[in-house]
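Student: So that you have it, the file is entry_19.tsv, and it contains TSV, C-alpha atoms:
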chain	number	residue	atom	x	y	z
A	1	MET	CA	-42.22	-29.55	-33.79
A	2	PRO	CA	-40.93	-26.21	-35.08
A	3	PRO	CA	-37.98	-26.34	-37.43
A	4	PHE	CA	-34.49	-25.59	-36.22
A	5	GLY	CA	-34.64	-22.23	-38.01
A	6	THR	CA	-37.31	-21.00	-35.60
A	7	PHE	CA	-35.17	-21.81	-32.58
A	8	PHE	CA	-32.27	-20.07	-34.23
A	9	ALA	CA	-34.33	-16.97	-34.96
A	10	ILE	CA	-35.51	-16.82	-31.35
A	11	PHE	CA	-31.95	-17.30	-30.13
A	12	VAL	CA	-30.71	-14.44	-32.34
A	13	LEU	CA	-33.53	-12.20	-31.14
A	14	VAL	CA	-32.74	-12.92	-27.48
A	15	LEU	CA	-29.06	-12.34	-28.07
A	16	ALA	CA	-29.70	-9.07	-29.87
A	17	GLY	CA	-32.04	-7.99	-27.10
A	18	GLY	CA	-29.28	-8.58	-24.57
A	19	LEU	CA	-26.67	-6.70	-26.53
A	20	LEU	CA	-28.77	-3.77	-27.57
A	21	SER	CA	-30.22	-3.10	-24.17
A	22	PRO	CA	-33.54	-1.33	-24.27
A	23	ALA	CA	-33.97	2.02	-22.60
A	24	PRO	CA	-33.79	1.90	-18.78
A	25	GLY	CA	-37.05	1.23	-17.04
A	26	ARG	CA	-38.52	-1.01	-19.74
A	27	ALA	CA	-39.15	-4.49	-18.56
A	28	ALA	CA	-37.25	-7.30	-20.24
A	29	GLY	CA	-38.84	-10.65	-19.72
A	30	GLY	CA	-40.75	-9.39	-16.71
A	31	VAL	CA	-37.70	-8.52	-14.62
A	32	PRO	CA	-37.37	-4.76	-14.13
A	33	LEU	CA	-34.21	-3.38	-15.64
A	34	PRO	CA	-31.76	-1.87	-13.19
A	35	ALA	CA	-31.62	1.87	-12.78
A	36	ILE	CA	-28.01	2.48	-13.72
A	37	ALA	CA	-26.53	5.78	-12.66
A	38	THR	CA	-24.93	7.71	-15.45
A	39	GLY	CA	-21.53	9.25	-14.86
A	40	ASN	CA	-20.90	12.85	-14.04
A	41	GLY	CA	-18.74	13.45	-17.10
A	42	GLU	CA	-19.69	13.99	-20.74
A	43	ASP	CA	-18.65	10.60	-22.05
A	44	CYS	CA	-17.33	7.41	-20.55
A	45	VAL	CA	-13.72	6.45	-21.28
A	46	GLU	CA	-14.98	4.06	-23.95
A	47	ASP	CA	-18.20	3.58	-25.87
A	48	PRO	CA	-20.97	2.21	-23.59
A	49	GLN	CA	-21.16	-1.03	-25.59
A	50	VAL	CA	-17.43	-1.56	-25.14
A	51	MET	CA	-17.69	-0.82	-21.45
A	52	ARG	CA	-20.59	-3.23	-20.96
A	53	ARG	CA	-18.73	-6.08	-22.55
A	54	TRP	CA	-15.13	-5.39	-21.63
A	55	HIS	CA	-15.03	-3.31	-18.44
A	56	MET	CA	-13.78	-6.29	-16.42
A	57	GLU	CA	-10.90	-6.88	-18.81
A	58	LEU	CA	-9.95	-3.20	-18.79
A	59	LEU	CA	-10.02	-3.14	-15.01
A	60	ARG	CA	-8.03	-6.35	-14.69
A	61	HIS	CA	-5.36	-5.14	-17.08
A	62	GLN	CA	-5.14	-1.82	-15.29
A	63	ARG	CA	-4.95	-3.47	-11.87
A	64	ASP	CA	-1.92	-5.55	-12.85
A	65	GLU	CA	-0.21	-2.58	-14.43
A	66	THR	CA	-0.78	-0.51	-11.31
A	67	VAL	CA	0.04	-3.07	-8.63
A	68	ARG	CA	2.95	-4.75	-10.39
A	69	ARG	CA	4.54	-1.94	-12.36
A	70	GLY	CA	3.36	1.19	-10.61
A	71	ILE	CA	1.61	2.59	-13.67
A	72	ARG	CA	-1.02	4.95	-12.38
A	73	THR	CA	-2.81	6.26	-15.44
A	74	LYS	CA	-6.36	7.27	-14.66
A	75	LYS	CA	-8.24	6.23	-17.77
A	76	TYR	CA	-9.21	2.68	-16.72
A	77	SER	CA	-8.68	3.12	-13.02
A	78	LEU	CA	-11.34	1.70	-10.70
A	79	LYS	CA	-10.95	4.78	-8.54
A	80	GLU	CA	-12.03	6.96	-11.46
A	81	CYS	CA	-15.06	4.77	-12.22
A	82	ILE	CA	-16.11	5.02	-8.60
A	83	ALA	CA	-15.61	8.77	-8.52
A	84	CYS	CA	-17.51	9.49	-11.74
A	85	HIS	CA	-20.39	7.06	-11.23
A	86	ALA	CA	-21.01	7.81	-7.54
A	87	VAL	CA	-24.67	7.54	-6.56
A	88	LYS	CA	-25.69	9.89	-3.81
A	89	ASP	CA	-28.36	9.14	-1.26
A	90	ALA	CA	-31.00	11.57	-0.02
A	91	GLY	CA	-28.44	13.27	2.23
A	92	GLY	CA	-26.03	13.82	-0.67
A	93	VAL	CA	-23.56	11.23	0.62
A	94	PRO	CA	-22.25	8.72	-1.94
A	95	VAL	CA	-23.62	5.24	-1.27
A	96	THR	CA	-21.38	2.22	-0.79
A	97	ALA	CA	-21.69	-1.11	-2.56
A	98	ASP	CA	-23.87	-2.22	0.35
A	99	ASP	CA	-26.63	-0.11	-1.19
A	100	PRO	CA	-28.52	-1.66	-4.14
A	101	ARG	CA	-28.45	1.71	-5.91
A	102	HIS	CA	-24.65	1.60	-6.17
A	103	PHE	CA	-23.54	1.88	-9.80
A	104	CYS	CA	-21.75	-1.48	-9.94
A	105	ARG	CA	-24.21	-3.22	-7.70
A	106	ALA	CA	-27.32	-2.22	-9.67
A	107	CYS	CA	-26.23	-4.02	-12.81
A	108	HIS	CA	-24.46	-6.91	-11.11
A	109	ASP	CA	-27.55	-7.66	-9.04
A	110	TYR	CA	-29.57	-7.75	-12.24
A	111	ALA	CA	-27.07	-10.03	-13.94
A	112	ALA	CA	-26.67	-12.16	-10.78
A	113	VAL	CA	-22.89	-11.81	-10.92
A	114	ARG	CA	-21.20	-11.55	-7.57
A	115	ILE	CA	-18.09	-9.37	-7.53
A	116	ASP	CA	-15.63	-9.21	-4.64
A	117	CYS	CA	-13.85	-6.00	-5.67
A	118	PHE	CA	-15.38	-4.14	-2.75
A	119	ASP	CA	-14.25	-6.63	-0.13
A	120	CYS	CA	-11.00	-4.68	-0.37
A	121	HIS	CA	-11.58	-1.61	-2.51
A	122	ALA	CA	-13.42	1.49	-1.42
A	123	SER	CA	-16.77	1.57	-3.21
A	124	ARG	CA	-17.28	5.30	-2.95
A	125	PRO	CA	-15.14	8.35	-3.54
A	126	PRO	CA	-13.05	9.60	-0.64
A	127	ASP	CA	-14.81	11.79	1.85
A	128	GLN	CA	-13.19	15.19	1.63
A	129	LYS	CA	-13.81	15.74	5.31
A	130	ALA	CA	-11.97	12.53	6.16
A	131	LYS	CA	-8.74	14.09	4.92
A	132	ALA	CA	-8.58	16.40	7.92
A	133	PRO	CA	-6.56	14.91	10.80
A	134	THR	CA	-8.59	13.02	13.34
A	135	ALA	CA	-9.01	14.23	16.90
A	136	ALA	CA	-6.43	11.73	18.14
A	137	VAL	CA	-3.79	12.97	15.72
A	138	ARG	CA	-4.50	16.61	16.50
A	139	ALA	CA	-4.22	15.94	20.24
A	140	GLU	CA	-0.94	14.13	19.64
A	141	ALA	CA	0.39	17.10	17.69
A	142	GLU	CA	-0.58	19.55	20.41
A	143	ARG	CA	0.93	17.43	23.14
A	144	ARG	CA	4.38	17.52	21.48
B	1	MET	CA	28.91	-0.50	4.89
B	2	THR	CA	28.59	0.98	1.47
B	3	ALA	CA	25.88	2.91	-0.27
B	4	ASP	CA	25.51	0.38	-3.02
B	5	GLY	CA	23.86	-2.00	-0.62
B	6	LYS	CA	26.55	-4.67	-0.78
B	7	GLY	CA	26.73	-5.03	2.97
B	8	GLY	CA	29.54	-4.46	5.40
B	9	THR	CA	33.03	-5.84	5.19
B	10	MET	CA	34.49	-4.49	8.43
B	11	GLU	CA	33.08	-7.13	10.73
B	12	GLY	CA	32.32	-10.78	10.52
B	13	THR	CA	28.68	-10.92	9.61
B	14	ASP	CA	27.88	-13.43	12.35
B	15	THR	CA	28.31	-10.78	15.02
B	16	ARG	CA	25.90	-8.27	13.56
B	17	ARG	CA	22.81	-9.65	15.14
B	18	ARG	CA	24.28	-9.31	18.60
B	19	ARG	CA	25.38	-5.79	17.85
B	20	PHE	CA	21.84	-4.98	16.82
B	21	LEU	CA	20.66	-5.91	20.29
B	22	GLY	CA	22.12	-2.82	21.78
B	23	ALA	CA	25.83	-2.24	21.38
B	24	GLY	CA	25.92	0.45	18.72
B	25	LEU	CA	26.81	3.41	20.92
B	26	ALA	CA	29.97	4.34	19.09
B	27	ALA	CA	28.14	4.56	15.78
B	28	GLY	CA	25.43	6.65	17.41
B	29	GLY	CA	27.94	9.07	18.84
B	30	ILE	CA	29.40	9.80	15.45
B	31	ALA	CA	26.04	10.27	13.89
B	32	LEU	CA	24.96	12.61	16.66
B	33	ALA	CA	27.93	14.92	16.27
B	34	PRO	CA	26.89	18.58	16.33
B	35	GLY	CA	25.73	19.92	13.03
B	36	VAL	CA	24.86	16.51	11.67
B	37	LEU	CA	21.22	16.49	10.73
B	38	LEU	CA	19.08	14.19	8.72
B	39	TYR	CA	17.26	16.11	6.05
B	40	VAL	CA	13.99	14.35	5.80
B	41	PHE	CA	12.52	15.94	2.71
B	42	GLY	CA	15.05	15.04	0.10
B	43	ASP	CA	14.48	16.25	-3.44
B	44	ASP	CA	15.27	12.77	-4.69
B	45	ALA	CA	11.67	11.57	-4.56
B	46	ALA	CA	10.93	13.06	-7.96
B	47	ALA	CA	7.54	12.19	-9.40
B	48	ARG	CA	7.34	9.76	-12.28
B	49	GLU	CA	4.92	10.22	-15.11
B	50	ALA	CA	1.71	8.34	-14.36
B	51	GLY	CA	2.17	6.06	-17.37
B	52	GLU	CA	5.79	5.27	-16.64
B	53	PRO	CA	6.53	2.01	-14.82
B	54	ALA	CA	8.68	1.81	-11.70
B	55	SER	CA	12.31	1.69	-12.73
B	56	ALA	CA	15.07	-0.65	-11.61
B	57	SER	CA	17.48	2.28	-11.73
B	58	VAL	CA	15.90	3.35	-8.44
B	59	ARG	CA	16.13	1.57	-5.09
B	60	TRP	CA	13.91	3.14	-2.52
B	61	GLY	CA	15.17	2.91	1.02
B	62	LEU	CA	14.93	4.34	4.50
B	63	LEU	CA	17.58	5.53	6.91
B	64	ILE	CA	16.40	5.69	10.51
B	65	ASP	CA	18.47	7.48	13.13
B	66	VAL	CA	17.42	5.62	16.24
B	67	ASN	CA	19.27	8.10	18.46
B	68	LYS	CA	16.57	10.60	17.63
B	69	CYS	CA	13.71	8.25	18.42
B	70	GLY	CA	12.03	9.09	21.69
B	71	ILE	CA	11.60	6.08	23.96
B	72	ASP	CA	7.83	6.53	24.05
B	73	CYS	CA	7.37	8.04	20.61
B	74	ASP	CA	4.98	6.31	18.24
B	75	ILE	CA	4.25	9.09	15.77
B	76	CYS	CA	5.30	6.96	12.80
B	77	VAL	CA	2.90	4.21	13.86
B	78	THR	CA	0.03	6.64	14.34
B	79	ALA	CA	0.70	8.19	10.96
B	80	CYS	CA	0.71	4.79	9.25
B	81	VAL	CA	-2.53	3.76	10.91
B	82	GLU	CA	-4.09	7.05	9.90
B	83	GLU	CA	-2.82	6.93	6.34
B	84	HIS	CA	-3.97	3.42	5.57
B	85	GLY	CA	-7.03	3.18	7.79
B	86	LEU	CA	-5.53	0.40	9.90
B	87	GLU	CA	-7.67	1.02	12.93
B	88	GLY	CA	-7.56	-2.17	14.98
B	89	ARG	CA	-10.30	-3.72	17.02
B	90	GLY	CA	-8.47	-3.69	20.32
B	91	ARG	CA	-7.13	-7.18	19.73
B	92	PRO	CA	-3.35	-6.80	19.75
B	93	ALA	CA	-2.73	-10.39	18.70
B	94	THR	CA	-4.51	-9.97	15.38
B	95	ASP	CA	-4.67	-6.23	14.70
B	96	PRO	CA	-2.56	-5.18	11.72
B	97	GLN	CA	0.91	-3.78	12.29
B	98	TRP	CA	2.60	-2.35	9.22
B	99	ILE	CA	5.07	-0.53	11.42
B	100	ARG	CA	5.60	-0.99	15.14
B	101	VAL	CA	7.89	0.29	17.84
B	102	VAL	CA	10.45	-2.18	19.13
B	103	ARG	CA	11.96	-1.31	22.48
B	104	VAL	CA	15.34	-2.86	23.19
B	105	ARG	CA	17.54	-2.78	26.27
B	106	ASP	CA	21.16	-3.75	26.59
B	107	PRO	CA	21.19	-5.87	29.76
B	108	ARG	CA	24.86	-5.08	30.35
B	109	THR	CA	24.67	-1.29	30.26
B	110	GLY	CA	20.96	-0.73	30.67
B	111	ARG	CA	20.93	1.41	27.53
B	112	ARG	CA	17.46	1.60	26.07
B	113	ARG	CA	16.39	2.34	22.56
B	114	SER	CA	13.13	2.51	20.66
B	115	LEU	CA	13.14	1.84	16.98
B	116	PRO	CA	10.51	1.54	14.30
B	117	MET	CA	10.33	-1.92	12.76
B	118	LEU	CA	8.65	-2.32	9.41
B	119	CYS	CA	8.99	-4.27	6.18
B	120	GLN	CA	12.69	-4.01	5.35
B	121	HIS	CA	12.02	-4.17	1.59
B	122	CYS	CA	14.71	-6.77	0.98
B	123	ALA	CA	16.45	-7.15	-2.33
B	124	TYR	CA	16.15	-10.92	-1.79
B	125	PRO	CA	12.87	-11.18	0.08
B	126	PRO	CA	12.09	-14.56	1.70
B	127	CYS	CA	8.38	-13.77	1.49
B	128	VAL	CA	8.63	-13.70	-2.29
B	129	ASP	CA	10.61	-16.96	-2.33
B	130	VAL	CA	7.94	-18.88	-0.46
B	131	CYS	CA	4.78	-17.39	-1.92
B	132	PRO	CA	2.93	-20.19	-3.75
B	133	THR	CA	0.82	-17.93	-5.95
B	134	GLY	CA	3.21	-15.16	-6.91
B	135	ALA	CA	1.25	-12.65	-4.87
B	136	SER	CA	4.33	-11.54	-2.95
B	137	PHE	CA	6.58	-9.69	-5.30
B	138	ARG	CA	9.34	-7.14	-5.43
B	139	ARG	CA	8.72	-4.16	-7.64
B	140	ALA	CA	11.48	-2.96	-9.95
B	141	ASP	CA	12.29	-0.07	-7.63
B	142	GLY	CA	12.79	-2.37	-4.64
B	143	ILE	CA	9.42	-2.05	-2.92
B	144	VAL	CA	8.14	-5.42	-1.71
B	145	LEU	CA	4.37	-5.74	-2.00
B	146	VAL	CA	1.51	-8.21	-1.78
B	147	ASP	CA	-0.71	-8.42	-4.83
B	148	ARG	CA	-3.87	-9.17	-2.94
B	149	HIS	CA	-5.68	-10.10	-6.13
B	150	LEU	CA	-3.55	-13.24	-6.05
B	151	CYS	CA	-3.07	-13.73	-2.30
B	152	ILE	CA	-4.87	-16.78	-0.97
B	153	GLY	CA	-4.10	-15.99	2.66
B	154	CYS	CA	-1.87	-19.01	3.30
B	155	ARG	CA	0.53	-16.92	5.41
B	156	TYR	CA	3.71	-18.71	4.35
B	157	CYS	CA	5.24	-15.26	3.85
B	158	MET	CA	4.47	-14.34	7.44
B	159	MET	CA	6.39	-17.39	8.61
B	160	ALA	CA	9.27	-16.72	6.24
B	161	CYS	CA	9.75	-13.06	7.14
B	162	PRO	CA	12.54	-12.66	9.71
B	163	TYR	CA	11.15	-9.27	10.71
B	164	LYS	CA	7.55	-10.29	11.41
B	165	ALA	CA	6.66	-7.47	9.10
B	166	ARG	CA	3.45	-8.87	7.71
B	167	SER	CA	-0.07	-9.00	9.07
B	168	PHE	CA	-3.06	-11.08	8.15
B	169	VAL	CA	-6.46	-9.49	7.87
B	170	HIS	CA	-8.70	-11.68	10.00
B	171	GLU	CA	-11.89	-9.69	9.88
B	172	GLU	CA	-14.05	-7.80	7.42
B	173	VAL	CA	-12.73	-4.34	6.69
B	174	GLU	CA	-14.93	-1.36	5.97
B	175	ASN	CA	-14.29	2.20	4.85
B	176	GLN	CA	-10.96	1.48	3.23
B	177	LYS	CA	-9.02	4.34	1.77
B	178	PRO	CA	-9.32	4.41	-2.02
B	179	TYR	CA	-5.53	4.31	-2.35
B	180	ALA	CA	-5.09	1.56	0.26
B	181	PRO	CA	-7.36	-1.35	-0.56
B	182	ARG	CA	-7.27	-4.13	2.01
B	183	GLY	CA	-9.62	-6.93	2.91
B	184	ARG	CA	-10.21	-10.07	4.85
B	185	GLY	CA	-8.28	-13.20	4.05
B	186	THR	CA	-5.18	-11.57	2.63
B	187	VAL	CA	-1.75	-10.72	3.96
B	188	GLU	CA	-0.59	-7.13	4.05
B	189	ALA	CA	2.44	-5.14	5.08
B	190	CYS	CA	4.18	-1.82	4.74
B	191	THR	CA	4.00	-0.70	1.11
B	192	LEU	CA	6.55	2.06	1.70
B	193	CYS	CA	3.49	4.21	0.88
B	194	VAL	CA	3.77	3.21	-2.75
B	195	HIS	CA	0.79	5.40	-3.63
B	196	ARG	CA	2.70	8.41	-2.34
B	197	VAL	CA	6.08	7.42	-3.71
B	198	ASP	CA	4.64	7.04	-7.21
B	199	VAL	CA	3.55	10.66	-7.20
B	200	GLY	CA	6.77	11.98	-5.71
B	201	ARG	CA	5.80	12.20	-2.06
B	202	VAL	CA	7.54	10.61	0.92
B	203	PRO	CA	5.97	7.86	3.05
B	204	ALA	CA	3.47	8.94	5.70
B	205	CYS	CA	5.69	7.84	8.61
B	206	VAL	CA	8.62	9.85	7.30
B	207	GLU	CA	6.46	12.91	6.77
B	208	ALA	CA	4.89	12.66	10.24
B	209	CYS	CA	8.26	12.12	11.91
B	210	ALA	CA	9.56	15.27	10.26
B	211	GLU	CA	6.51	17.36	11.05
B	212	ARG	CA	5.58	16.15	14.51
B	213	GLY	CA	8.50	14.01	15.62
B	214	ALA	CA	12.25	14.23	15.76
B	215	GLY	CA	12.94	13.90	12.06
B	216	ALA	CA	14.60	10.54	12.57
B	217	MET	CA	13.56	9.02	9.24
B	218	LEU	CA	15.05	9.74	5.85
B	219	PHE	CA	13.54	8.38	2.65
B	220	GLY	CA	15.28	8.30	-0.70
B	221	ASP	CA	16.92	6.49	-3.57
B	222	LEU	CA	19.85	4.37	-2.41
B	223	LYS	CA	21.12	3.97	-5.95
B	224	ASP	CA	21.36	7.69	-6.63
B	225	GLY	CA	24.77	8.73	-5.30
B	226	THR	CA	23.67	12.36	-5.05
B	227	SER	CA	20.64	11.62	-2.87
B	228	GLU	CA	20.77	12.56	0.79
B	229	ILE	CA	20.18	8.99	1.92
B	230	ALA	CA	22.98	7.56	-0.23
B	231	LYS	CA	25.37	10.22	1.08
B	232	ARG	CA	24.40	9.51	4.69
B	233	VAL	CA	24.72	5.77	4.26
B	234	ALA	CA	28.14	6.32	2.70
B	235	ALA	CA	29.29	8.70	5.43
B	236	PHE	CA	28.11	7.09	8.64
B	237	PRO	CA	28.18	3.60	10.12
B	238	THR	CA	24.80	2.00	9.69
B	239	THR	CA	23.24	-1.25	10.73
B	240	ARG	CA	20.78	-3.39	8.90
B	241	VAL	CA	18.75	-5.75	11.01
B	242	ARG	CA	19.81	-9.37	10.57
B	243	ASP	CA	22.28	-8.38	7.88
B	244	ASP	CA	23.78	-11.83	8.41
B	245	LEU	CA	20.88	-13.28	6.45
B	246	GLY	CA	22.16	-11.55	3.33
B	247	LEU	CA	18.77	-10.22	2.30
B	248	ASP	CA	20.15	-6.80	1.34
B	249	THR	CA	17.44	-4.87	3.09
B	250	GLY	CA	16.47	-1.36	2.08
B	251	VAL	CA	16.06	-0.04	5.63
B	252	TYR	CA	19.21	1.20	7.34
B	253	TYR	CA	19.49	2.11	11.01
B	254	ILE	CA	21.91	4.41	12.82
B	255	GLY	CA	22.48	3.95	16.51
B	256	VAL	CA	21.09	0.51	17.28
Have the structure of the file written as structure tokens, please.
Tutor:
Amino acid sequence: MPPFGTFFAIFVLVLAGGLLSPAPGRAAGGVPLPAIATGNGEDCVEDPQVMRRWHMELLRHQRDETVRRGIRTKKYSLKECIACHAVKDAGGVPVTADDPRHFCRACHDYAAVRIDCFDCHASRPPDQKAKAPTAAVRAEAERR
Amino acid sequence: MTADGKGGTMEGTDTRRRRFLGAGLAAGGIALAPGVLLYVFGDDAAAREAGEPASASVRWGLLIDVNKCGIDCDICVTACVEEHGLEGRGRPATDPQWIRVVRVRDPRTGRRRSLPMLCQHCAYPPCVDVCPTGASFRRADGIVLVDRHLCIGCRYCMMACPYKARSFVHEEVENQKPYAPRGRGTVEACTLCVHRVDVGRVPACVEACAERGAGAMLFGDLKDGTSEIAKRVAAFPTTRVRDDLGLDTGVYYIGV
């Protein structure tokens, strides 16, 4: 039976492997790593390591500040994450969280963590075309 | 009735509900006097800094001149549906209604009126009193909201609300607007377009009524004595629906 030290060393190695994620595309334990879309900007709002570990806390804090107190700073806003990390399909249209390529989805599928953010929240940036009034509204305006 | 939202003293409060049901002609006549106009785009909706929280020195409110509301007009409803992506599924019993048109008729005189009915943004909201999770809350500036991160969909608030202002989302929702998240299993209601108000714009219904309707709705800060809405509320007789309940609602009506 191997000594406890061996188990500990393996444990530390596994832990380190998880924290210091290898480059995308390299297999870890046989499961292909997710292809995570990088953002459109230069840098994320925090260091990638901080974001990996704490993004849920940042988002939760921001959500309470916004809903309860009306603080609408953009730095940790879900809307900004969605806008910057949008993944576009072949037609150039941003995919929703229904698509496995979606930025949040890719990693959460890999980690087997189910999130319900997108039951309510839009999972892609607003469609610029959608801002134009719909046919029904235009007809209403003309009628009056 | 006074602009500070303390409620009326002229009449016994127990008669107000009956007056709401159609006997406000005198008040309407005064408000309709020539030259009296509601200025819809007040300059009182000044934008806050993004990092600044909503302040209790503000009380957002609406003044609705029902005399200007066309009997068949539903522009405010259309605008709300459009703004928040509330497209229903053709099932009136369960489709969301953040604002709806209530048509009333005085059986004695036959006088008819249409008025928009929405969340009245009470100072003492019954929905907040009954909410078991703290999801229903009143923001510092008087806007009553549902924090749907906490809402468990029990619908006590819907039973408590005297105005039937809240809706329950029965079915999966898709293609939500980024600024108006909403989803199945939670209760929702008029947010007074909080996403607009926070950046200094007026609610979608007010804007649409001014642009495409009769300009019957006025939005502003009831606590700011220099705001158009506070001046109007101070100058003209107004009605608040079910004022007898003492909820100190933020929505004032003229001419009901």
Student: Within 8 Å of B:Cys80, counting only C-alpha atoms, which residues qualify if same-chain residues fewer than 5 places away don't, as a short mmCIF file (atom, residue, chain, number, x, y, z; two decimals) with C-alpha atoms, in the coordinates of the input?
Tutor:
data_model
loop_
_atom_site.label_atom_id
_atom_site.label_comp_id
_atom_site.auth_asym_id
_atom_site.auth_seq_id
_atom_site.Cartn_x
_atom_site.Cartn_y
_atom_site.Cartn_z
CA LEU B 86 -5.53 0.40 9.90
CA TRP B 98 2.60 -2.35 9.22
CA ILE B 99 5.07 -0.53 11.42
CA ALA B 204 3.47 8.94 5.70
CA CYS B 205 5.69 7.84 8.61
#
Student: Please compute the atom CA of B:Lys68-atom CA of B:Val206 distance, one decimal, in Å.
Tutor: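 Straight-line distance from atom CA of B:Lys68 to atom CA of B:Val206 works out to 13.1 Å.
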Student: Would you please work out which residue, of A:Glu80, A:Asp99, A:Glu42, A:Asp47, is nearest to chain B when using all atoms listed in the file?
Tutor: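 Result for the nearest residue to chain B: A:Glu80.
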Student: Dump as an MDAnalysis selection string the residues of chain B that approach chain A to within 8 Å, counting only C-alpha atoms.
Tutor: chainID B and resid 50:54 78 137 139:140 147 172:173 175:178 180:184 198 212:213
Student: Kindly give the distance, in Å, that separates atom CA of B:Asp141 and atom CA of B:Ser55, rounded to a single decimal.
Tutor: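 Taking atom CA of B:Asp141 and atom CA of B:Ser55, their separation equals 5.4 Å.
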Student: So the first atom is atom CA of B:Leu118 and the second is atom CA of B:Arg89; what is the distance between them in Å, to one decimal place?
Tutor: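 Going from atom CA of B:Leu118 over to atom CA of B:Arg89 covers 20.5 Å.
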Student: Fewer than 3 positions away in the same chain doesn't count, so skip those; otherwise give me all residues within 12 Å of A:Arg105, counting only C-alpha atoms, as a list in words.
Tutor: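 Near A:Arg105, the qualifying residues are Pro34, Ala35, Ile36, Ala37, Ile82, His85, Ala86, Val87, Val95, Thr96, Ala97, Asp98, Asp99, Pro100, Arg101, His102, His108, Asp109, Tyr110, Ala111, Ala112, Val113, Arg114, Ile115, Asp116, Cys117, Phe118, Ser123 and Arg124 of chain A.
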Student: Those residues you just picked out, can you put them in a file as a compact mmCIF listing (two decimals), in the frame of the given file with C-alpha atoms?
Tutor:
# COMPACT_ATOMS: atom_id res chain seq x y z
CA PRO A 34 -31.76 -1.87 -13.19
CA ALA A 35 -31.62 1.87 -12.78
CA ILE A 36 -28.01 2.48 -13.72
CA ALA A 37 -26.53 5.78 -12.66
CA ILE A 82 -16.11 5.02 -8.60
CA HIS A 85 -20.39 7.06 -11.23
CA ALA A 86 -21.01 7.81 -7.54
CA VAL A 87 -24.67 7.54 -6.56
CA VAL A 95 -23.62 5.24 -1.27
CA THR A 96 -21.38 2.22 -0.79
CA ALA A 97 -21.69 -1.11 -2.56
CA ASP A 98 -23.87 -2.22 0.35
CA ASP A 99 -26.63 -0.11 -1.19
CA PRO A 100 -28.52 -1.66 -4.14
CA ARG A 101 -28.45 1.71 -5.91
CA HIS A 102 -24.65 1.60 -6.17
CA HIS A 108 -24.46 -6.91 -11.11
CA ASP A 109 -27.55 -7.66 -9.04
CA TYR A 110 -29.57 -7.75 -12.24
CA ALA A 111 -27.07 -10.03 -13.94
CA ALA A 112 -26.67 -12.16 -10.78
CA VAL A 113 -22.89 -11.81 -10.92
CA ARG A 114 -21.20 -11.55 -7.57
CA ILE A 115 -18.09 -9.37 -7.53
CA ASP A 116 -15.63 -9.21 -4.64
CA CYS A 117 -13.85 -6.00 -5.67
CA PHE A 118 -15.38 -4.14 -2.75
CA SER A 123 -16.77 1.57 -3.21
CA ARG A 124 -17.28 5.30 -2.95
Student: Can you find the residues with an atom no farther than 9 Å from (12.9, -2.5, 19.0), counting all atoms listed in the file, and report them as a PyMOL selection string?
Tutor: chain B and resi 21+100-105+113-117+256
Student: Give me, as a PyMOL selection string, all polymer residues having an atom no more than 9 Å from stretch 121-135 of chain B, counting all atoms listed in the file and skipping those fewer than 3 positions away in the same chain.
Tutor: chain B and resi 60-61+118+138+142-152+154-162+190-192+246-251
Student: Write out as a list of chain:residue names the residues lying within 7 Å of B:Ala208, counting only C-alpha atoms and excluding same-chain residues fewer than 5 positions away.
Tutor: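 Final neighbour list, sorted by chain and number: B:Ile75, B:Cys76, B:Ala79, B:Gly213.
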